Amino acid sequence: MEVGDVREVTTGDCSDLYYLDTGMYGTNEYGAVYIIDDERPAVVDTGIGSNYDLLRQALDEVGIGEDDLEVIAVTHIHLDHAGGAGFLAADYPNADVYVPAIGADHLVDPSRLVAGTKQAVGDQWEYYVEPEPIPEERIVEIGDGDVVDLGTHDLRVHEAPGHAPHQVVFEDPANDAVFTADAAGIWVPETEEIRETSPPSQFDLEACLEDVETLKDLDPDVFCYPHFGPREVGDDAAAALDEYATVLEAWVEAVAEKRAELEDDAAVIGHFAETSEMTDVWGEEKAAAEAAMNARGVLGYLDRRE
């Protein structure tokens with residue numbers, strides 16, 4: 001896919017579902033936003049606010065007007081997932097923002113979220129815009145077991161706090177699909193491999209592995225990754241999730257071993273930034289930044305574990 005492309009999801013038995021390549025971080029096939037065209041049309045995750053014009057165009061292309069959108073559902077409040085929510089809410093007056101309760105205040109007043117994001121992403125902040133605050137009356141707090149009724153489709157909420165304590169995944173039983181947030185890693189369609197995601201400051205390996213078990217219990221036919229795109233797993237969902245668990249554990253072990261070897265965290269971060277295996281897919285800048293961010297997240301986790 002190219003930046004701005006909108007495609008219908010025909011993976012598995014999915015219907016009424018579309019996804020947009022937002023061009024996140026100036027990279028093809030890294031950031032996706034999903035659109036469900038139902039009785040109550042919905043957007044699942046919103047990407048960084050800098051992609052907002054593309055999202056408006058995608059909604060127009062699907063046939064969802066400003067008065068039609070009713071649900072803006074964010075899996076967690078990291079700004080690569082929720083950064084566009086305030087812009088959408090401002091322009092689509094009938095849409096409420098459904099957000100995990102633990103993170104809701106940060107969308108009403110995003111100042112601390114912005115500060116934390118700048119610290120986490122470093123130079124990648126150049127790809128962001130300041131998020132638009134969301135009026136409190138437009139916020140609907142959600143938690144484990146809640147159901148957002150869209151008509152033919154439901155978004156069933158399941159807590160998945162390993163990547164961040166405010167993360168949930170959305171199950172869509174009618175499509176036998178799950179919007180995975182970052183609980184199932186990063187899917188790279190070009191190489192058909194799964195990659196780790198472990199950003200600071202709240203990454204927790206054991207909780208991430210528990211999230212993998214949560215997804216196994218849901219056993220969907222299709223994973224809808226925000227990074228990136230739909231993936232049919234069919235009867236192999238458990239195997240795909242086991243693969244991610246293995247990747248994540250190996251990644252944490254690699255960072256721990258490099259820290260023991262170099263005894264300098266800056267050198268550890270620099271090492272992984274310089275040796276990223278994803279340069280050919282994401283480009284040198286994004287691949288290095290992603291590796292550095294994920295290494296910082298693991299180092300923080302290791303500190304807390306001591």
# chains A, B, ... in the order shown; residues from 1 in each chain; ligands from 1

$ residues_around --residues "stretch 184-201 of chain A" --least-positions-apart "4" --cutoff "7 Å" --atoms "only C-alpha atoms" --output "VMD selection string"
chain A and resid 120 163 180 212 225 227 to 228 241 244 247 to 248 293 to 294 296 to 298 300

$ residues_around --residues "A:Gly26" --least-positions-apart "5" --cutoff "9 Å" --atoms "only C-alpha atoms" --output "MDAnalysis selection string"
chainID A and resid 3 127 286

$ residues_around --residues "A:Arg138" --least-positions-apart "6" --cutoff "9 Å" --atoms "only C-alpha atoms" --output "PyMOL selection string"
chain A and resi 89+95-98

$ write_last_selection --atoms "C-alpha atoms" --output "mmCIF file, in the first residue's frame"
data_model
loop_
_atom_site.group_PDB
_atom_site.id
_atom_site.type_symbol
_atom_site.label_atom_id
_atom_site.label_comp_id
_atom_site.auth_asym_id
_atom_site.auth_seq_id
_atom_site.Cartn_x
_atom_site.Cartn_y
_atom_site.Cartn_z
ATOM 1 C CA ALA A 89 -14.399 14.860 17.441
ATOM 2 C CA ALA A 95 -19.185 11.006 17.333
ATOM 3 C CA ASP A 96 -18.216 10.190 20.898
ATOM 4 C CA VAL A 97 -14.704 9.067 21.802
ATOM 5 C CA TYR A 98 -14.573 5.649 23.434
#

$ select_by_dssp --residues "stretch 120-252 of chain A" --states "alpha helix (DSSP H)" --output "NGL selection string"
:A and (120-121 or 205-218 or 237-252)

$ residues_around --residues "A:Ile77" --least-positions-apart "3" --cutoff "8 Å" --atoms "only C-alpha atoms" --output "PDB file with N, CA and C atoms, in the first residue's frame"
ATOM      1  N   VAL A  74     -10.575   4.252  20.542  1.00  0.00           N
ATOM      2  CA  VAL A  74      -9.113   4.191  20.600  1.00  0.00           C
ATOM      3  C   VAL A  74      -8.697   3.049  21.522  1.00  0.00           C
ATOM      4  N   HIS A  81      -1.863   6.322  18.219  1.00  0.00           N
ATOM      5  CA  HIS A  81      -3.177   5.684  18.125  1.00  0.00           C
ATOM      6  C   HIS A  81      -4.318   6.672  18.389  1.00  0.00           C
ATOM      7  N   ALA A  82      -4.088   7.644  19.256  1.00  0.00           N
ATOM      8  CA  ALA A  82      -5.163   8.547  19.680  1.00  0.00           C
ATOM      9  C   ALA A  82      -4.915  10.002  19.304  1.00  0.00           C
ATOM     10  N   GLY A  83      -3.823  10.284  18.609  1.00  0.00           N
ATOM     11  CA  GLY A  83      -3.476  11.671  18.335  1.00  0.00           C
ATOM     12  C   GLY A  83      -4.470  12.411  17.466  1.00  0.00           C
ATOM     13  N   VAL A  99     -12.767   5.452  25.028  1.00  0.00           N
ATOM     14  CA  VAL A  99     -11.362   5.365  25.428  1.00  0.00           C
ATOM     15  C   VAL A  99     -11.266   4.612  26.755  1.00  0.00           C
ATOM     16  N   GLY A 103      -7.075   6.071  30.823  1.00  0.00           N
ATOM     17  CA  GLY A 103      -6.391   7.092  30.036  1.00  0.00           C
ATOM     18  C   GLY A 103      -7.256   8.268  29.634  1.00  0.00           C
ATOM     19  N   ALA A 104      -8.527   8.254  30.022  1.00  0.00           N
ATOM     20  CA  ALA A 104      -9.478   9.246  29.503  1.00  0.00           C
ATOM     21  C   ALA A 104      -9.074  10.673  29.830  1.00  0.00           C
ATOM     22  N   HIS A 106      -6.314  12.025  30.031  1.00  0.00           N
ATOM     23  CA  HIS A 106      -5.200  12.515  29.220  1.00  0.00           C
ATOM     24  C   HIS A 106      -5.633  12.947  27.827  1.00  0.00           C
ATOM     25  N   LEU A 107      -6.841  12.557  27.412  1.00  0.00           N
ATOM     26  CA  LEU A 107      -7.367  13.071  26.154  1.00  0.00           C
ATOM     27  C   LEU A 107      -8.151  14.366  26.376  1.00  0.00           C
ATOM     28  N   HIS A 166      -3.171   1.406  29.912  1.00  0.00           N
ATOM     29  CA  HIS A 166      -4.415   1.932  29.354  1.00  0.00           C
ATOM     30  C   HIS A 166      -4.762   1.279  28.018  1.00  0.00           C
ATOM     31  N   GLN A 167      -4.200   0.127  27.724  1.00  0.00           N
ATOM     32  CA  GLN A 167      -4.465  -0.523  26.440  1.00  0.00           C
ATOM     33  C   GLN A 167      -5.583  -1.560  26.544  1.00  0.00           C
TER      34      GLN A 167
END

$ closest_residue --among "A:Ala260, A:Leu17, A:Val255, A:Ile142" --to "A:Phe272" --atoms "only C-alpha atoms"
A:Val255

$ residues_around --residues "A:Asp236" --least-positions-apart "3" --cutoff "12 Å" --atoms "only C-alpha atoms" --output "JSON, numbers by chain"
{"A": [216, 219, 220, 221, 222, 223, 231, 232, 233, 239, 240, 241, 242, 243]}

$ write_last_selection --atoms "C-alpha atoms" --output "short mmCIF file (atom, residue, chain, number, x, y, z; two decimals), in the first residue's frame"
data_model
loop_
_atom_site.label_atom_id
_atom_site.label_comp_id
_atom_site.auth_asym_id
_atom_site.auth_seq_id
_atom_site.Cartn_x
_atom_site.Cartn_y
_atom_site.Cartn_z
CA LYS A 216 -5.33 -16.81 22.33
CA ASP A 219 -8.94 -17.10 18.91
CA PRO A 220 -9.92 -14.82 16.01
CA ASP A 221 -9.60 -15.61 12.34
CA VAL A 222 -8.18 -12.14 11.54
CA PHE A 223 -5.80 -9.82 13.38
CA ARG A 231 -3.67 -10.63 8.71
CA GLU A 232 -5.60 -13.86 8.36
CA VAL A 233 -4.42 -16.38 10.94
CA ALA A 239 0.88 -20.31 16.73
CA ALA A 240 1.09 -16.71 15.51
CA LEU A 241 0.82 -15.46 19.07
CA ASP A 242 3.39 -17.94 20.32
CA GLU A 243 5.70 -16.59 17.64
#

$ select_by_dssp --residues "stretch 85-244 of chain A" --states "strand (DSSP E or B)" --output "PyMOL selection string"
chain A and resi 96-100+139-142+147-149+154-159+168-172+177-179+186-188+193-195+222-225+229-232

$ write_last_selection --atoms "N, CA, C and O atoms" --output "compact mmCIF listing (two decimals), in the first residue's frame"
# COMPACT_ATOMS: atom_id res chain seq x y z
N ASP A 96 -18.84 10.21 19.58
CA ASP A 96 -18.22 10.19 20.90
C ASP A 96 -16.90 9.41 20.82
O ASP A 96 -16.71 8.57 19.94
N VAL A 97 -16.02 9.70 21.76
CA VAL A 97 -14.70 9.07 21.80
C VAL A 97 -14.71 8.02 22.91
O VAL A 97 -14.86 8.34 24.08
N TYR A 98 -14.58 6.78 22.51
CA TYR A 98 -14.57 5.65 23.43
C TYR A 98 -13.12 5.33 23.76
O TYR A 98 -12.33 4.97 22.88
N VAL A 99 -12.77 5.45 25.03
CA VAL A 99 -11.36 5.36 25.43
C VAL A 99 -11.27 4.61 26.75
O VAL A 99 -12.14 4.75 27.62
N PRO A 100 -10.24 3.79 26.93
CA PRO A 100 -10.06 3.12 28.22
C PRO A 100 -10.06 4.12 29.37
O PRO A 100 -9.41 5.17 29.29
N ILE A 139 -16.49 12.18 25.87
CA ILE A 139 -15.71 10.99 26.24
C ILE A 139 -16.65 9.92 26.80
O ILE A 139 -17.49 10.20 27.65
N VAL A 140 -16.49 8.69 26.34
CA VAL A 140 -17.16 7.52 26.92
C VAL A 140 -16.06 6.58 27.43
O VAL A 140 -15.28 6.06 26.64
N GLU A 141 -16.00 6.42 28.74
CA GLU A 141 -14.98 5.56 29.32
C GLU A 141 -15.38 4.09 29.17
O GLU A 141 -16.54 3.73 29.40
N ILE A 142 -14.42 3.26 28.77
CA ILE A 142 -14.69 1.84 28.57
C ILE A 142 -13.69 1.01 29.36
O ILE A 142 -12.61 1.48 29.73
N VAL A 147 -19.21 -3.44 25.81
CA VAL A 147 -19.52 -3.70 24.41
C VAL A 147 -20.00 -2.40 23.77
O VAL A 147 -20.91 -1.75 24.28
N VAL A 148 -19.38 -2.04 22.65
CA VAL A 148 -19.81 -0.89 21.87
C VAL A 148 -20.61 -1.43 20.69
O VAL A 148 -20.08 -2.08 19.79
N ASP A 149 -21.91 -1.16 20.70
CA ASP A 149 -22.83 -1.69 19.69
C ASP A 149 -22.82 -0.78 18.47
O ASP A 149 -23.17 0.40 18.55
N ASP A 154 -20.20 -5.50 16.79
CA ASP A 154 -19.90 -5.03 18.13
C ASP A 154 -18.39 -4.88 18.27
O ASP A 154 -17.61 -5.60 17.64
N LEU A 155 -18.01 -3.96 19.13
CA LEU A 155 -16.63 -3.89 19.59
C LEU A 155 -16.63 -4.30 21.06
O LEU A 155 -17.08 -3.55 21.92
N ARG A 156 -16.18 -5.51 21.32
CA ARG A 156 -16.12 -6.04 22.68
C ARG A 156 -14.74 -5.73 23.27
O ARG A 156 -13.72 -6.01 22.66
N VAL A 157 -14.73 -5.18 24.46
CA VAL A 157 -13.52 -4.63 25.06
C VAL A 157 -12.84 -5.67 25.94
O VAL A 157 -13.48 -6.27 26.81
N HIS A 158 -11.53 -5.84 25.72
CA HIS A 158 -10.73 -6.75 26.55
C HIS A 158 -9.46 -6.00 26.97
O HIS A 158 -8.71 -5.49 26.12
N GLU A 159 -9.23 -5.95 28.27
CA GLU A 159 -8.03 -5.29 28.77
C GLU A 159 -6.79 -6.03 28.30
O GLU A 159 -6.75 -7.27 28.27
N VAL A 168 -6.44 -1.57 25.53
CA VAL A 168 -7.44 -2.63 25.34
C VAL A 168 -7.35 -3.12 23.90
O VAL A 168 -6.77 -2.45 23.03
N VAL A 169 -7.91 -4.29 23.66
CA VAL A 169 -8.13 -4.75 22.29
C VAL A 169 -9.64 -4.84 22.08
O VAL A 169 -10.41 -5.02 23.04
N PHE A 170 -10.06 -4.69 20.82
CA PHE A 170 -11.47 -4.75 20.47
C PHE A 170 -11.73 -6.02 19.66
O PHE A 170 -11.12 -6.23 18.60
N GLU A 171 -12.66 -6.82 20.14
CA GLU A 171 -13.09 -8.02 19.42
C GLU A 171 -14.34 -7.69 18.60
O GLU A 171 -15.29 -7.11 19.12
N ASP A 172 -14.34 -8.07 17.34
CA ASP A 172 -15.48 -7.90 16.44
C ASP A 172 -15.96 -9.30 16.05
O ASP A 172 -15.50 -9.88 15.07
N ALA A 177 -12.76 -11.11 14.06
CA ALA A 177 -11.53 -10.32 14.00
C ALA A 177 -11.28 -9.65 15.34
O ALA A 177 -12.21 -9.43 16.13
N VAL A 178 -10.03 -9.33 15.58
CA VAL A 178 -9.65 -8.55 16.75
C VAL A 178 -8.75 -7.40 16.30
O VAL A 178 -7.80 -7.61 15.54
N PHE A 179 -9.09 -6.20 16.75
CA PHE A 179 -8.22 -5.04 16.58
C PHE A 179 -7.20 -5.12 17.72
O PHE A 179 -7.53 -4.90 18.88
N ILE A 186 4.11 -5.91 16.00
CA ILE A 186 4.05 -5.19 14.73
C ILE A 186 4.14 -6.20 13.60
O ILE A 186 5.10 -6.97 13.51
N TRP A 187 3.14 -6.20 12.74
CA TRP A 187 3.12 -7.10 11.59
C TRP A 187 3.69 -6.35 10.39
O TRP A 187 3.27 -5.23 10.08
N VAL A 188 4.65 -6.98 9.73
CA VAL A 188 5.32 -6.37 8.58
C VAL A 188 4.89 -7.14 7.34
O VAL A 188 5.43 -8.21 7.04
N GLU A 193 6.63 -10.94 8.67
CA GLU A 193 7.23 -11.27 9.95
C GLU A 193 6.63 -10.37 11.03
O GLU A 193 6.08 -9.31 10.76
N ILE A 194 6.77 -10.83 12.26
CA ILE A 194 6.28 -10.09 13.41
C ILE A 194 7.47 -9.48 14.13
O ILE A 194 8.53 -10.11 14.25
N ARG A 195 7.32 -8.24 14.57
CA ARG A 195 8.39 -7.52 15.26
C ARG A 195 7.91 -7.07 16.63
O ARG A 195 6.72 -6.90 16.88
N VAL A 222 -8.90 -13.27 12.13
CA VAL A 222 -8.18 -12.14 11.54
C VAL A 222 -7.66 -11.24 12.66
O VAL A 222 -8.41 -10.89 13.58
N PHE A 223 -6.39 -10.87 12.55
CA PHE A 223 -5.80 -9.82 13.38
C PHE A 223 -5.79 -8.54 12.57
O PHE A 223 -5.30 -8.52 11.43
N CYS A 224 -6.31 -7.46 13.13
CA CYS A 224 -6.24 -6.14 12.51
C CYS A 224 -5.20 -5.32 13.26
O CYS A 224 -5.48 -4.78 14.34
N TYR A 225 -4.01 -5.28 12.71
CA TYR A 225 -2.90 -4.58 13.35
C TYR A 225 -2.93 -3.10 12.99
O TYR A 225 -3.04 -2.75 11.80
N GLY A 229 -1.96 -3.47 9.23
CA GLY A 229 -2.89 -4.10 8.32
C GLY A 229 -3.50 -5.40 8.81
O GLY A 229 -3.11 -5.97 9.82
N PRO A 230 -4.49 -5.91 8.07
CA PRO A 230 -5.17 -7.16 8.43
C PRO A 230 -4.31 -8.37 8.09
O PRO A 230 -3.61 -8.39 7.07
N ARG A 231 -4.40 -9.39 8.92
CA ARG A 231 -3.67 -10.63 8.71
C ARG A 231 -4.57 -11.80 9.05
O ARG A 231 -5.08 -11.89 10.17
N GLU A 232 -4.79 -12.67 8.09
CA GLU A 232 -5.60 -13.86 8.36
C GLU A 232 -4.72 -14.92 9.04
O GLU A 232 -3.68 -15.31 8.51

$ closest_residue --among "A:Ala160, A:Ala115, A:Ala85, A:Ala287" --to "A:Pro133" --atoms "only C-alpha atoms"
A:Ala85

$ atom_distance --atom1 "atom CA of A:Pro110" --atom2 "atom CA of A:Ala291"
25.9 Å

$ residues_around --residues "A:Leu150" --least-positions-apart "3" --cutoff "7 Å" --atoms "only C-alpha atoms" --output "number ranges by chain"
A: 38-41, 153-154

$ write_last_selection --atoms "C-alpha atoms" --output "compact mmCIF listing (two decimals), in the first residue's frame"
# COMPACT_ATOMS: atom_id res chain seq x y z
CA ASP A 38 -22.24 0.06 10.01
CA GLU A 39 -25.47 1.51 11.39
CA ARG A 40 -23.26 3.45 13.79
CA PRO A 41 -20.13 4.08 11.72
CA HIS A 153 -20.89 -5.36 14.49
CA ASP A 154 -19.90 -5.03 18.13

$ atom_distance --atom1 "atom CA of A:Glu285" --atom2 "atom CA of A:Thr27"
9.8 Å

$ residues_around --residues "A:Ser15" --least-positions-apart "2" --cutoff "12 Å" --atoms "only C-alpha atoms" --output "PyMOL selection string"
chain A and resi 7-13+17-19+35-38+152-153+172-177+222

$ closest_residue --among "A:Ala295, A:Leu209, A:Val71, A:Ala183" --to "A:Leu88" --atoms "only C-alpha atoms"
A:Val71

$ closest_residue --among "A:Cys208, A:Ala101, A:Met278, A:Ala164" --to "A:Ala245" --atoms "only C-alpha atoms"
A:Cys208

$ atom_distance --atom1 "atom CA of A:Leu302" --atom2 "atom CA of A:Ala273"
18.6 Å

$ decode --residues "stretch 285-300 of chain A" --atoms "N, CA, C and O atoms" --output "short mmCIF file (atom, residue, chain, number, x, y, z; two decimals), in the first residue's frame"
data_model
loop_
_atom_site.label_atom_id
_atom_site.label_comp_id
_atom_site.auth_asym_id
_atom_site.auth_seq_id
_atom_site.Cartn_x
_atom_site.Cartn_y
_atom_site.Cartn_z
N GLU A 285 16.07 5.96 8.85
CA GLU A 285 15.66 6.85 9.94
C GLU A 285 14.64 6.18 10.86
O GLU A 285 14.82 6.14 12.08
N LYS A 286 13.56 5.65 10.28
CA LYS A 286 12.51 5.06 11.11
C LYS A 286 13.00 3.78 11.78
O LYS A 286 12.69 3.54 12.95
N ALA A 287 13.74 2.95 11.06
CA ALA A 287 14.21 1.71 11.65
C ALA A 287 15.10 1.98 12.86
O ALA A 287 14.97 1.32 13.90
N ALA A 288 16.00 2.95 12.75
CA ALA A 288 16.88 3.28 13.87
C ALA A 288 16.09 3.85 15.05
O ALA A 288 16.32 3.49 16.21
N ALA A 289 15.14 4.74 14.75
CA ALA A 289 14.35 5.36 15.82
C ALA A 289 13.50 4.32 16.54
O ALA A 289 13.36 4.35 17.77
N GLU A 290 12.91 3.40 15.79
CA GLU A 290 12.08 2.35 16.38
C GLU A 290 12.90 1.46 17.31
O GLU A 290 12.50 1.15 18.43
N ALA A 291 14.09 1.06 16.84
CA ALA A 291 14.94 0.19 17.64
C ALA A 291 15.40 0.90 18.91
O ALA A 291 15.42 0.30 20.00
N ALA A 292 15.76 2.18 18.79
CA ALA A 292 16.20 2.93 19.95
C ALA A 292 15.09 3.06 20.98
O ALA A 292 15.30 2.88 22.19
N MET A 293 13.88 3.39 20.52
CA MET A 293 12.75 3.54 21.42
C MET A 293 12.44 2.22 22.13
O MET A 293 12.23 2.18 23.35
N ASN A 294 12.42 1.14 21.38
CA ASN A 294 12.12 -0.15 21.99
C ASN A 294 13.20 -0.59 22.97
O ASN A 294 12.91 -1.22 24.00
N ALA A 295 14.45 -0.27 22.68
CA ALA A 295 15.52 -0.59 23.62
C ALA A 295 15.37 0.21 24.91
O ALA A 295 15.55 -0.33 26.01
N ARG A 296 15.01 1.47 24.80
CA ARG A 296 14.79 2.28 26.01
C ARG A 296 13.67 1.69 26.86
O ARG A 296 13.75 1.67 28.09
N GLY A 297 12.62 1.22 26.20
CA GLY A 297 11.53 0.62 26.95
C GLY A 297 11.95 -0.62 27.70
O GLY A 297 11.55 -0.82 28.86
N VAL A 298 12.76 -1.46 27.09
CA VAL A 298 13.24 -2.67 27.76
C VAL A 298 14.17 -2.31 28.91
O VAL A 298 14.10 -2.91 30.00
N LEU A 299 15.04 -1.34 28.71
CA LEU A 299 15.96 -0.93 29.79
C LEU A 299 15.17 -0.43 31.00
O LEU A 299 15.52 -0.73 32.15
N GLY A 300 14.11 0.33 30.76
CA GLY A 300 13.26 0.76 31.87
C GLY A 300 12.60 -0.40 32.58
O GLY A 300 12.52 -0.42 33.82
#
